[in-house]
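Trainee: Input work.cif, format and content: mmCIF, C-alpha atoms.
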data_protein
#
loop_
_atom_site.group_PDB
_atom_site.id
_atom_site.type_symbol
_atom_site.label_atom_id
_atom_site.label_comp_id
_atom_site.auth_asym_id
_atom_site.auth_seq_id
_atom_site.Cartn_x
_atom_site.Cartn_y
_atom_site.Cartn_z
ATOM 1 C CA MET A 1 -77.080 -82.590 62.887
ATOM 2 C CA LYS A 2 -80.718 -82.665 61.735
ATOM 3 C CA LYS A 3 -82.793 -79.629 62.625
ATOM 4 C CA ILE A 4 -86.551 -79.670 63.284
ATOM 5 C CA LEU A 5 -88.848 -76.648 63.308
ATOM 6 C CA THR A 6 -91.704 -77.216 65.763
ATOM 7 C CA ILE A 7 -94.867 -75.105 65.741
ATOM 8 C CA LEU A 8 -96.804 -74.725 68.995
ATOM 9 C CA SER A 9 -100.027 -72.996 69.982
ATOM 10 C CA GLU A 10 -100.145 -70.097 72.402
ATOM 11 C CA TRP A 11 -103.654 -71.230 73.410
ATOM 12 C CA GLY A 12 -102.773 -74.671 74.712
ATOM 13 C CA TYR A 13 -100.857 -77.630 73.312
ATOM 14 C CA TRP A 14 -101.241 -81.155 74.687
ATOM 15 C CA GLY A 15 -98.148 -81.898 76.763
ATOM 16 C CA GLU A 16 -97.331 -85.405 75.593
ATOM 17 C CA GLU A 17 -97.756 -84.386 71.971
ATOM 18 C CA LEU A 18 -94.695 -82.194 72.431
ATOM 19 C CA VAL A 19 -92.781 -84.327 74.930
ATOM 20 C CA GLY A 20 -93.020 -87.525 72.871
ATOM 21 C CA PRO A 21 -91.458 -86.189 69.666
ATOM 22 C CA LEU A 22 -89.094 -83.873 71.562
ATOM 23 C CA GLU A 23 -87.571 -86.682 73.628
ATOM 24 C CA THR A 24 -87.245 -88.742 70.461
ATOM 25 C CA PHE A 25 -85.529 -85.923 68.569
ATOM 26 C CA ASP A 26 -83.210 -85.249 71.508
ATOM 27 C CA ALA A 27 -82.221 -88.921 71.642
ATOM 28 C CA ALA A 28 -81.485 -88.840 67.903
ATOM 29 C CA GLY A 29 -79.220 -85.828 68.365
ATOM 30 C CA TYR A 30 -81.482 -83.422 66.487
ATOM 31 C CA GLN A 31 -81.703 -79.711 67.177
ATOM 32 C CA VAL A 32 -85.240 -78.414 67.747
ATOM 33 C CA ASP A 33 -86.351 -74.817 67.224
ATOM 34 C CA PHE A 34 -89.785 -73.610 68.359
ATOM 35 C CA ALA A 35 -92.158 -71.095 66.807
ATOM 36 C CA THR A 36 -95.513 -69.615 67.803
ATOM 37 C CA ALA A 37 -97.961 -67.333 66.036
ATOM 38 C CA THR A 38 -97.040 -64.100 67.821
ATOM 39 C CA GLY A 39 -93.930 -65.072 69.780
ATOM 40 C CA LYS A 40 -95.601 -65.787 73.113
ATOM 41 C CA ARG A 41 -94.221 -68.682 75.107
ATOM 42 C CA PRO A 42 -96.373 -71.740 74.329
ATOM 43 C CA VAL A 43 -98.340 -73.216 77.192
ATOM 44 C CA ALA A 44 -99.536 -76.748 77.883
ATOM 45 C CA LEU A 45 -103.208 -77.516 78.461
ATOM 46 C CA PRO A 46 -103.788 -78.115 82.212
ATOM 47 C CA PRO A 47 -105.440 -81.542 81.730
ATOM 48 C CA SER A 48 -102.286 -82.717 79.948
ATOM 49 C CA MET A 49 -100.405 -82.236 83.234
ATOM 50 C CA ASP A 50 -103.045 -83.915 85.413
ATOM 51 C CA PRO A 51 -102.673 -87.691 85.959
ATOM 52 C CA THR A 52 -106.173 -87.825 87.474
ATOM 53 C CA TYR A 53 -107.877 -86.318 84.422
ATOM 54 C CA ILE A 54 -110.400 -88.688 82.837
ATOM 55 C CA ASP A 55 -110.718 -88.256 79.078
ATOM 56 C CA PRO A 56 -114.509 -88.298 78.506
ATOM 57 C CA PRO A 57 -114.652 -90.188 75.171
ATOM 58 C CA LEU A 58 -112.106 -92.776 76.294
ATOM 59 C CA GLY A 59 -113.439 -93.061 79.838
ATOM 60 C CA ARG A 60 -109.969 -93.397 81.368
ATOM 61 C CA THR A 61 -106.938 -91.386 82.383
ATOM 62 C CA VAL A 62 -104.618 -90.445 79.536
ATOM 63 C CA VAL A 63 -101.744 -88.816 81.439
ATOM 64 C CA SER A 64 -99.346 -90.945 83.459
ATOM 65 C CA GLN A 65 -97.719 -89.563 86.595
ATOM 66 C CA GLU A 66 -94.367 -89.700 84.812
ATOM 67 C CA MET A 67 -95.678 -87.764 81.805
ATOM 68 C CA ALA A 68 -97.355 -85.173 84.034
ATOM 69 C CA GLU A 69 -94.008 -84.504 85.701
ATOM 70 C CA LYS A 70 -92.226 -84.253 82.353
ATOM 71 C CA VAL A 71 -94.700 -81.684 81.067
ATOM 72 C CA LYS A 72 -94.530 -79.695 84.309
ATOM 73 C CA ARG A 73 -90.725 -79.582 84.089
ATOM 74 C CA LEU A 74 -90.945 -78.316 80.526
ATOM 75 C CA GLU A 75 -93.547 -75.720 81.569
ATOM 76 C CA ASP A 76 -91.558 -74.524 84.591
ATOM 77 C CA PRO A 77 -90.831 -70.793 84.080
ATOM 78 C CA LYS A 78 -87.251 -71.521 85.211
ATOM 79 C CA ASN A 79 -86.822 -73.909 82.273
ATOM 80 C CA PRO A 80 -85.734 -71.726 79.333
ATOM 81 C CA ARG A 81 -86.274 -74.297 76.605
ATOM 82 C CA LEU A 82 -89.566 -72.833 75.347
ATOM 83 C CA ASP A 83 -88.519 -69.220 75.899
ATOM 84 C CA ASN A 84 -88.289 -66.790 72.991
ATOM 85 C CA PRO A 85 -89.882 -68.856 70.215
ATOM 86 C CA ILE A 86 -89.593 -67.694 66.617
ATOM 87 C CA ILE A 87 -92.336 -65.157 65.866
ATOM 88 C CA LEU A 88 -94.302 -66.315 62.823
ATOM 89 C CA SER A 89 -96.098 -62.977 62.473
ATOM 90 C CA GLN A 90 -92.731 -61.254 62.006
ATOM 91 C CA TRP A 91 -91.010 -64.014 60.063
ATOM 92 C CA PHE A 92 -93.686 -64.544 57.393
ATOM 93 C CA PRO A 93 -95.387 -61.682 55.541
ATOM 94 C CA ASP A 94 -99.028 -60.768 55.913
ATOM 95 C CA ARG A 95 -101.147 -61.662 52.899
ATOM 96 C CA PRO A 96 -102.985 -58.570 51.573
ATOM 97 C CA TYR A 97 -106.741 -58.352 51.392
ATOM 98 C CA TRP A 98 -108.183 -58.696 47.894
ATOM 99 C CA SER A 99 -109.792 -55.307 48.438
ATOM 100 C CA ALA A 100 -106.470 -53.579 49.164
ATOM 101 C CA GLU A 101 -106.164 -50.257 47.349
ATOM 102 C CA LYS A 102 -102.816 -51.238 45.813
ATOM 103 C CA PHE A 103 -103.430 -54.987 45.706
ATOM 104 C CA LEU A 104 -101.099 -55.752 42.790
ATOM 105 C CA ARG A 105 -98.115 -53.999 44.363
ATOM 106 C CA GLU A 106 -98.887 -55.463 47.791
ATOM 107 C CA MET A 107 -99.195 -58.974 46.338
ATOM 108 C CA GLU A 108 -95.863 -58.588 44.586
ATOM 109 C CA ALA A 109 -94.273 -57.451 47.848
ATOM 110 C CA TYR A 110 -95.876 -60.377 49.675
ATOM 111 C CA ASN A 111 -94.479 -62.907 47.203
ATOM 112 C CA ASN A 112 -91.051 -61.282 47.266
ATOM 113 C CA ALA A 113 -91.033 -61.510 51.064
ATOM 114 C CA LEU A 114 -92.040 -65.182 50.868
ATOM 115 C CA ASP A 115 -89.124 -65.819 48.536
ATOM 116 C CA GLU A 116 -86.754 -64.284 51.086
ATOM 117 C CA VAL A 117 -88.093 -66.522 53.863
ATOM 118 C CA GLN A 118 -87.210 -69.617 51.839
ATOM 119 C CA LYS A 119 -83.526 -68.933 52.485
ATOM 120 C CA ASP A 120 -84.158 -69.142 56.241
ATOM 121 C CA LEU A 121 -85.922 -72.478 55.851
ATOM 122 C CA GLU A 122 -82.966 -74.187 54.170
ATOM 123 C CA GLN A 123 -81.521 -74.917 57.622
ATOM 124 C CA TYR A 124 -84.464 -77.140 58.599
ATOM 125 C CA ASP A 125 -84.884 -80.806 57.724
ATOM 126 C CA ALA A 126 -88.499 -81.267 58.850
ATOM 127 C CA LEU A 127 -91.525 -79.485 60.284
ATOM 128 C CA LEU A 128 -93.669 -80.614 63.244
ATOM 129 C CA ILE A 129 -97.064 -79.182 64.221
ATOM 130 C CA VAL A 130 -98.006 -80.158 67.776
ATOM 131 C CA GLY A 131 -101.649 -80.863 68.601
ATOM 132 C CA GLY A 132 -104.088 -80.070 71.375
ATOM 133 C CA SER A 133 -107.111 -77.773 71.289
ATOM 134 C CA GLY A 134 -105.028 -74.601 71.027
ATOM 135 C CA PRO A 135 -104.169 -74.995 67.318
ATOM 136 C CA ILE A 136 -107.885 -74.582 66.542
ATOM 137 C CA VAL A 137 -107.499 -70.956 67.635
ATOM 138 C CA ASP A 138 -104.168 -69.742 66.246
ATOM 139 C CA LEU A 139 -102.746 -72.298 63.802
ATOM 140 C CA VAL A 140 -105.450 -74.055 61.792
ATOM 141 C CA ASN A 141 -106.647 -71.019 59.797
ATOM 142 C CA ASN A 142 -103.445 -69.009 60.061
ATOM 143 C CA HIS A 143 -102.223 -68.204 56.546
ATOM 144 C CA ARG A 144 -98.646 -67.781 57.806
ATOM 145 C CA VAL A 145 -98.758 -71.367 59.086
ATOM 146 C CA HIS A 146 -100.149 -72.415 55.705
ATOM 147 C CA ASP A 147 -97.327 -70.599 53.904
ATOM 148 C CA LEU A 148 -94.794 -72.289 56.176
ATOM 149 C CA ILE A 149 -96.268 -75.710 55.418
ATOM 150 C CA LEU A 150 -96.362 -74.961 51.690
ATOM 151 C CA SER A 151 -92.705 -73.926 51.826
ATOM 152 C CA PHE A 152 -91.680 -77.277 53.292
ATOM 153 C CA TYR A 153 -93.994 -79.088 50.889
ATOM 154 C CA LYS A 154 -92.515 -77.407 47.813
ATOM 155 C CA LYS A 155 -89.025 -78.273 49.026
ATOM 156 C CA GLY A 156 -90.043 -81.925 49.437
ATOM 157 C CA LYS A 157 -89.211 -81.873 53.151
ATOM 158 C CA PRO A 158 -91.067 -83.998 55.742
ATOM 159 C CA ILE A 159 -94.062 -82.440 57.494
ATOM 160 C CA ALA A 160 -95.420 -84.026 60.671
ATOM 161 C CA ALA A 161 -98.621 -83.102 62.480
ATOM 162 C CA GLU A 162 -100.523 -84.482 65.461
ATOM 163 C CA CYS A 163 -104.180 -84.481 66.451
ATOM 164 C CA TYR A 164 -105.846 -81.131 65.676
ATOM 165 C CA GLY A 165 -102.572 -79.937 64.189
ATOM 166 C CA VAL A 166 -103.328 -82.158 61.178
ATOM 167 C CA THR A 167 -106.105 -79.724 60.221
ATOM 168 C CA CYS A 168 -103.402 -77.263 59.188
ATOM 169 C CA LEU A 169 -102.388 -79.679 56.421
ATOM 170 C CA ALA A 170 -105.942 -79.906 55.104
ATOM 171 C CA PHE A 171 -106.180 -76.117 54.820
ATOM 172 C CA ALA A 172 -102.682 -75.474 53.431
ATOM 173 C CA ARG A 173 -103.429 -74.677 49.799
ATOM 174 C CA ASP A 174 -101.690 -72.813 47.025
ATOM 175 C CA LEU A 175 -103.834 -69.871 45.983
ATOM 176 C CA ALA A 176 -103.450 -70.903 42.338
ATOM 177 C CA ASP A 177 -105.488 -74.123 42.566
ATOM 178 C CA ARG A 178 -106.727 -74.117 46.207
ATOM 179 C CA LYS A 179 -106.522 -77.893 46.417
ATOM 180 C CA SER A 180 -105.376 -79.334 49.737
ATOM 181 C CA ILE A 181 -101.803 -80.609 49.711
ATOM 182 C CA ILE A 182 -103.054 -83.858 51.293
ATOM 183 C CA TRP A 183 -105.335 -84.556 48.306
ATOM 184 C CA GLY A 184 -104.601 -88.137 47.249
ATOM 185 C CA LYS A 185 -102.644 -88.823 50.441
ATOM 186 C CA HIS A 186 -103.248 -91.135 53.407
ATOM 187 C CA VAL A 187 -103.460 -89.458 56.818
ATOM 188 C CA THR A 188 -104.756 -89.955 60.331
ATOM 189 C CA GLY A 189 -106.007 -87.482 62.936
ATOM 190 C CA HIS A 190 -108.516 -87.079 65.734
ATOM 191 C CA CYS A 191 -111.307 -89.551 64.936
ATOM 192 C CA LYS A 192 -115.007 -88.919 65.575
ATOM 193 C CA GLU A 193 -115.070 -91.467 68.392
ATOM 194 C CA TYR A 194 -112.462 -89.400 70.280
ATOM 195 C CA ASP A 195 -114.374 -86.098 70.007
ATOM 196 C CA TYR A 196 -115.621 -84.432 73.175
ATOM 197 C CA LYS A 197 -119.321 -83.709 73.611
ATOM 198 C CA ASP A 198 -118.442 -81.055 76.180
ATOM 199 C CA GLY A 199 -115.373 -79.374 77.632
ATOM 200 C CA THR A 200 -113.413 -78.125 74.625
ATOM 201 C CA GLY A 201 -111.464 -75.160 75.995
ATOM 202 C CA PHE A 202 -108.306 -73.120 75.603
ATOM 203 C CA VAL A 203 -105.656 -71.622 77.853
ATOM 204 C CA GLY A 204 -106.186 -67.909 78.390
ATOM 205 C CA ALA A 205 -109.874 -67.920 77.463
ATOM 206 C CA ASP A 206 -112.780 -68.549 79.831
ATOM 207 C CA ILE A 207 -114.799 -70.431 77.256
ATOM 208 C CA ASN A 208 -116.196 -73.927 76.957
ATOM 209 C CA MET A 209 -117.060 -74.619 73.321
ATOM 210 C CA GLY A 210 -118.734 -77.880 74.226
ATOM 211 C CA PRO A 211 -117.774 -80.152 71.323
ATOM 212 C CA PRO A 212 -114.887 -79.129 69.054
ATOM 213 C CA PRO A 213 -115.897 -76.597 66.370
ATOM 214 C CA TYR A 214 -115.530 -79.214 63.639
ATOM 215 C CA PRO A 215 -115.154 -82.998 63.352
ATOM 216 C CA LEU A 216 -111.578 -83.345 62.108
ATOM 217 C CA GLU A 217 -112.288 -86.779 60.647
ATOM 218 C CA TYR A 218 -114.793 -85.311 58.176
ATOM 219 C CA ILE A 219 -112.404 -82.552 57.109
ATOM 220 C CA LEU A 220 -109.622 -85.053 56.475
ATOM 221 C CA GLN A 221 -111.913 -87.412 54.570
ATOM 222 C CA ASP A 222 -112.889 -84.596 52.233
ATOM 223 C CA ALA A 223 -109.392 -83.098 51.944
ATOM 224 C CA THR A 224 -107.736 -86.381 50.907
ATOM 225 C CA GLY A 225 -110.216 -86.974 48.058
ATOM 226 C CA PRO A 226 -111.164 -90.219 46.308
ATOM 227 C CA ASP A 227 -107.585 -91.366 45.742
ATOM 228 C CA GLY A 228 -106.402 -90.740 49.293
ATOM 229 C CA ALA A 229 -107.871 -91.828 52.610
ATOM 230 C CA TYR A 230 -108.388 -90.876 56.222
ATOM 231 C CA HIS A 231 -107.522 -93.674 58.674
ATOM 232 C CA GLY A 232 -109.080 -93.282 62.117
ATOM 233 C CA ASN A 233 -107.965 -96.737 63.254
ATOM 234 C CA PHE A 234 -110.527 -96.656 66.042
ATOM 235 C CA GLY A 235 -110.009 -99.703 68.229
ATOM 236 C CA LYS A 236 -106.265 -99.718 67.602
ATOM 237 C CA GLU A 237 -103.974 -98.404 70.313
ATOM 238 C CA ILE A 238 -101.691 -96.529 67.899
ATOM 239 C CA SER A 239 -102.509 -94.685 64.694
ATOM 240 C CA VAL A 240 -99.586 -93.087 62.849
ATOM 241 C CA ILE A 241 -99.518 -92.796 59.060
ATOM 242 C CA VAL A 242 -96.527 -92.014 56.863
ATOM 243 C CA ASP A 243 -97.342 -91.047 53.292
ATOM 244 C CA TYR A 244 -94.299 -89.005 52.346
ATOM 245 C CA PRO A 245 -93.802 -86.138 52.902
ATOM 246 C CA PHE A 246 -96.505 -86.323 55.577
ATOM 247 C CA ILE A 247 -96.277 -88.018 58.979
ATOM 248 C CA THR A 248 -99.561 -87.785 60.890
ATOM 249 C CA GLY A 249 -100.503 -88.932 64.391
ATOM 250 C CA ARG A 250 -104.071 -89.422 65.587
ATOM 251 C CA SER A 251 -103.884 -88.267 69.211
ATOM 252 C CA THR A 252 -101.939 -88.272 72.468
ATOM 253 C CA ALA A 253 -101.013 -91.956 72.578
ATOM 254 C CA ASP A 254 -99.403 -91.665 69.147
ATOM 255 C CA SER A 255 -96.921 -88.940 70.107
ATOM 256 C CA TYR A 256 -93.796 -91.033 70.597
ATOM 257 C CA THR A 257 -94.493 -93.094 67.493
ATOM 258 C CA THR A 258 -94.955 -89.901 65.478
ATOM 259 C CA GLY A 259 -91.537 -88.712 66.595
ATOM 260 C CA GLN A 260 -89.989 -92.101 65.868
ATOM 261 C CA LYS A 261 -91.394 -92.130 62.345
ATOM 262 C CA VAL A 262 -89.991 -88.650 61.677
ATOM 263 C CA VAL A 263 -86.568 -89.993 62.666
ATOM 264 C CA GLU A 264 -87.022 -93.043 60.417
ATOM 265 C CA VAL A 265 -88.064 -90.805 57.531
ATOM 266 C CA LEU A 266 -84.978 -88.621 57.948
ATOM 267 C CA ASP A 267 -82.395 -91.254 58.867
ATOM 268 C CA LYS A 268 -83.651 -94.417 57.159
ATOM 269 C CA GLY A 269 -85.596 -93.137 54.151
ATOM 270 C CA LEU A 270 -89.018 -94.354 55.357
ATOM 271 C CA ARG A 271 -91.683 -93.304 52.881
ATOM 272 C CA ARG A 272 -94.768 -95.349 53.790
ATOM 273 C CA TYR A 273 -96.093 -96.725 57.045
ATOM 274 C CA GLY A 274 -99.370 -97.631 58.726
ATOM 275 C CA TRP A 275 -101.641 -98.317 55.750
#
Is it possible to give me this structure as structure tokens?

Mentor:
Amino acid sequence: MKKILTILSEWGYWGEELVGPLETFDAAGYQVDFATATGKRPVALPPSMDPTYIDPPLGRTVVSQEMAEKVKRLEDPKNPRLDNPIILSQWFPDRPYWSAEKFLREMEAYNNALDEVQKDLEQYDALLIVGGSGPIVDLVNNHRVHDLILSFYKKGKPIAAECYGVTCLAFARDLADRKSIIWGKHVTGHCKEYDYKDGTGFVGADINMGPPPYPLEYILQDATGPDGAYHGNFGKEISVIVDYPFITGRSTADSYTTGQKVVEVLDKGLRRYGW
């Protein structure tokens, strides 16, 4: 049985971006474990459960009645599936500040703790980072998430990410060279044409950021460098890129395809797709 570790935001994931891969993994007979930054139960963004919600950039609804019901069932407090996620802040060590009084000793302890975590990760075949606006808050610049990604990367295991979750890949960098692990790779992610001008918000915070805090397309263009490429595929219904070990999905509509490509990578040896 294949086993997938799935990282979710505590500040709002997009429902279909979990449901699509999860249904696909379930159908393939995979086991799925969930993790969040501090162990809180992840929560879906309200618009991702609302079939009447009009996505401003696309000018149309993006949540079907069927999908809204699926997300609501998953979010039901009586459904235990998302209960008790793995706590990243306890599982992975905290990186010391450079100004720490005993920095050398603390850095040695940090690296020793990271080595111990690698034994836990042997059980997993792939990593998935689910998108939505929430990852901007607690995943994108979370060094524990970066260390988790780097662990899978160094083991040569598949790493999938959707929408704003792809930003985590751009920022996952070994401290030795600080070069993005997607340098020279082909990826997709939220394109500029899909960005909100207003309404970027998070669950549990009464804030409207207006537009997102950064255009993901620009970050991915820079992070992939001259020998890689960002593919927005604007005007195409689906945008999923496989450039092993990475599987990236642009946005909500790409969720099922992202899950399918993870299965093809694991079961059929797929190494390149979509470019």

Trainee: For the structure provided, state which residues fall under the PyMOL selection byres ((chain A and resi 123) around 12), and present them as an NGL selection string.

Mentor: :A and (1-5 or 31-33 or 117-122 or 124-127 or 152 or 155 or 157)

Trainee: Using all atoms listed in the file, find all polymer residues with an atom at most 12 Å away from the point (-94.3, -90.0, 82.2); report them as a list of chain:residue names.

Mentor: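 Here is the list of nearby residues: A:Gly15, A:Glu16, A:Val19, A:Gly20, A:Glu23, A:Ser48, A:Met49, A:Asp50, A:Pro51, A:Val62, A:Val63, A:Ser64, A:Gln65, A:Glu66, A:Met67, A:Ala68, A:Glu69, A:Lys70, A:Val71, A:Lys72, A:Arg73, A:Ala253, A:Tyr256.
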
Trainee: Would you mind exporting the chosen residues as a PDB file, keeping the file's coordinate frame, restricted to C-alpha atoms?

Mentor:
ATOM      1  CA  GLY A  15     -98.148 -81.898  76.763  1.00  0.00           C
ATOM      2  CA  GLU A  16     -97.331 -85.405  75.593  1.00  0.00           C
ATOM      3  CA  VAL A  19     -92.781 -84.327  74.930  1.00  0.00           C
ATOM      4  CA  GLY A  20     -93.020 -87.525  72.871  1.00  0.00           C
ATOM      5  CA  GLU A  23     -87.571 -86.682  73.628  1.00  0.00           C
ATOM      6  CA  SER A  48    -102.286 -82.717  79.948  1.00  0.00           C
ATOM      7  CA  MET A  49    -100.405 -82.236  83.234  1.00  0.00           C
ATOM      8  CA  ASP A  50    -103.045 -83.915  85.413  1.00  0.00           C
ATOM      9  CA  PRO A  51    -102.673 -87.691  85.959  1.00  0.00           C
ATOM     10  CA  VAL A  62    -104.618 -90.445  79.536  1.00  0.00           C
ATOM     11  CA  VAL A  63    -101.744 -88.816  81.439  1.00  0.00           C
ATOM     12  CA  SER A  64     -99.346 -90.945  83.459  1.00  0.00           C
ATOM     13  CA  GLN A  65     -97.719 -89.563  86.595  1.00  0.00           C
ATOM     14  CA  GLU A  66     -94.367 -89.700  84.812  1.00  0.00           C
ATOM     15  CA  MET A  67     -95.678 -87.764  81.805  1.00  0.00           C
ATOM     16  CA  ALA A  68     -97.355 -85.173  84.034  1.00  0.00           C
ATOM     17  CA  GLU A  69     -94.008 -84.504  85.701  1.00  0.00           C
ATOM     18  CA  LYS A  70     -92.226 -84.253  82.353  1.00  0.00           C
ATOM     19  CA  VAL A  71     -94.700 -81.684  81.067  1.00  0.00           C
ATOM     20  CA  LYS A  72     -94.530 -79.695  84.309  1.00  0.00           C
ATOM     21  CA  ARG A  73     -90.725 -79.582  84.089  1.00  0.00           C
ATOM     22  CA  ALA A 253    -101.013 -91.956  72.578  1.00  0.00           C
ATOM     23  CA  TYR A 256     -93.796 -91.033  70.597  1.00  0.00           C
TER      24      TYR A 256
END

Trainee: For segment 95-114 of chain A, what centre and edge lengths in Å (one decimal) does the axis-aligned box get once 8 Å is added on each side of all its listed atoms, as AutoDock Vina command-line options?

Mentor:
--center_x -100.4 --center_y -57.7 --center_z 47.8 --size_x 34.8 --size_y 30.9 --size_z 26.1

Trainee: Given the file shown, determine the residues that the PyMOL selection byres ((chain A and resi 8) around 8) selects; report them as number ranges by chain.

Mentor: A: 6-7, 9-10, 13, 34-36, 42, 129-131, 135

Trainee: Tell me which protein, DNA and RNA residues are within 6 Å of segment 209-211 of chain A, counting only C-alpha atoms, leaving out same-chain ones fewer than 2 positions away, and put them as a list in words.

Mentor: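 My list of contacting residues is Tyr196, Lys197, Asp198, Gly199 and Thr200 of chain A.
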
Trainee: What does the structure give for the distance between atom CA of Pro57 of chain A and atom CA of Lys192 of chain A, in Å to one decimal?

Mentor: 9.7 Å

Trainee: For the file shown, report as a compact mmCIF listing (two decimals) with C-alpha atoms, keeping the file's coordinate frame the outcome of the PyMOL selection byres ((chain A and resi 87) around 10) at residue level.

Mentor:
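Everything below was put into expr.txt:
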# COMPACT_ATOMS: atom_id res chain seq x y z
CA PHE A 34 -89.78 -73.61 68.36
CA ALA A 35 -92.16 -71.10 66.81
CA THR A 36 -95.51 -69.61 67.80
CA ALA A 37 -97.96 -67.33 66.04
CA THR A 38 -97.04 -64.10 67.82
CA GLY A 39 -93.93 -65.07 69.78
CA LYS A 40 -95.60 -65.79 73.11
CA ASN A 84 -88.29 -66.79 72.99
CA PRO A 85 -89.88 -68.86 70.22
CA ILE A 86 -89.59 -67.69 66.62
CA LEU A 88 -94.30 -66.32 62.82
CA SER A 89 -96.10 -62.98 62.47
CA GLN A 90 -92.73 -61.25 62.01
CA TRP A 91 -91.01 -64.01 60.06
CA PHE A 92 -93.69 -64.54 57.39

Trainee: Leaving out segment 176-185 of chain A and any residue of its chain fewer than 4 positions from it, which residues lie within 9 Å of it when counting only C-alpha atoms, given as a PyMOL selection string?

Mentor: chain A and resi 150+153+169-172+220+222-230+243-244+246

Trainee: Point out the residue among A:Arg60, A:Lys102, A:Arg41, A:His143 with the least atom-to-atom distance to Pro77 of chain A, counting all atoms listed in the file.

Mentor: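 Counting all atoms listed in the file, the residue closest to Pro77 of chain A is A:Arg41.
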
Trainee: Considering all atoms listed in the file, can you say which of A:Leu104, A:Gly132, A:Pro56, A:Leu18 comes closest to Leu82 of chain A?

Mentor: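 Ranking A:Leu104, A:Gly132, A:Pro56, A:Leu18 by distance to Leu82 of chain A, first place goes to A:Leu18.
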
Trainee: From the set A:Thr167, A:Glu237, A:Phe202, A:Thr188, which residue has the shortest atom-to-atom contact distance to Leu45 of chain A, counting all atoms listed in the file?

Mentor: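 Result for the nearest residue to Leu45 of chain A: A:Phe202.
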
Trainee: Which residue out of A:Val203, A:Ala28, A:Cys191, A:Val166 has the minimum interatomic distance to Tyr218 of chain A when all atoms listed in the file are used?

Mentor: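 Smallest separation from Tyr218 of chain A among the options: A:Cys191.
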
Trainee: Go through A:Gly134, A:Lys78, A:Glu193, A:Pro245 and flag the residue nearest Leu266 of chain A, using only C-alpha atoms for the distances.

Mentor: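 Comparing A:Gly134, A:Lys78, A:Glu193, A:Pro245 against Leu266 of chain A, the winner is A:Pro245.
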
Trainee: Can you measure atom CA of Lys236 of chain A to atom CA of Ile54 of chain A for me? One decimal in Å is fine.

Mentor: 19.3 Å

Trainee: Using only C-alpha atoms, can you list as a ChimeraX atom specification the residues within 12 Å of (-105.3, -91.3, 66.6)?

Mentor: /A:17,58,131,161-166,187-195,216-217,230-241,248-255,257-258,274

Trainee: What is the distance between atom CA of Asn111 of chain A and atom CA of Cys168 of chain A, in Å to one decimal?

Mentor: 20.7 Å

Trainee: Using only C-alpha atoms, find the one residue out of A:Gly259, A:Asp94, A:Asp115, A:Ala100 that sits nearest to Val145 of chain A.

Mentor: A:Asp94

Trainee: Could you name the residues that touch Glu106 of chain A at 12 Å or less, counting only C-alpha atoms, but leaving out those on the same chain fewer than 4 positions away, as a PyMOL selection string?

Mentor: chain A and resi 93-102+110-113
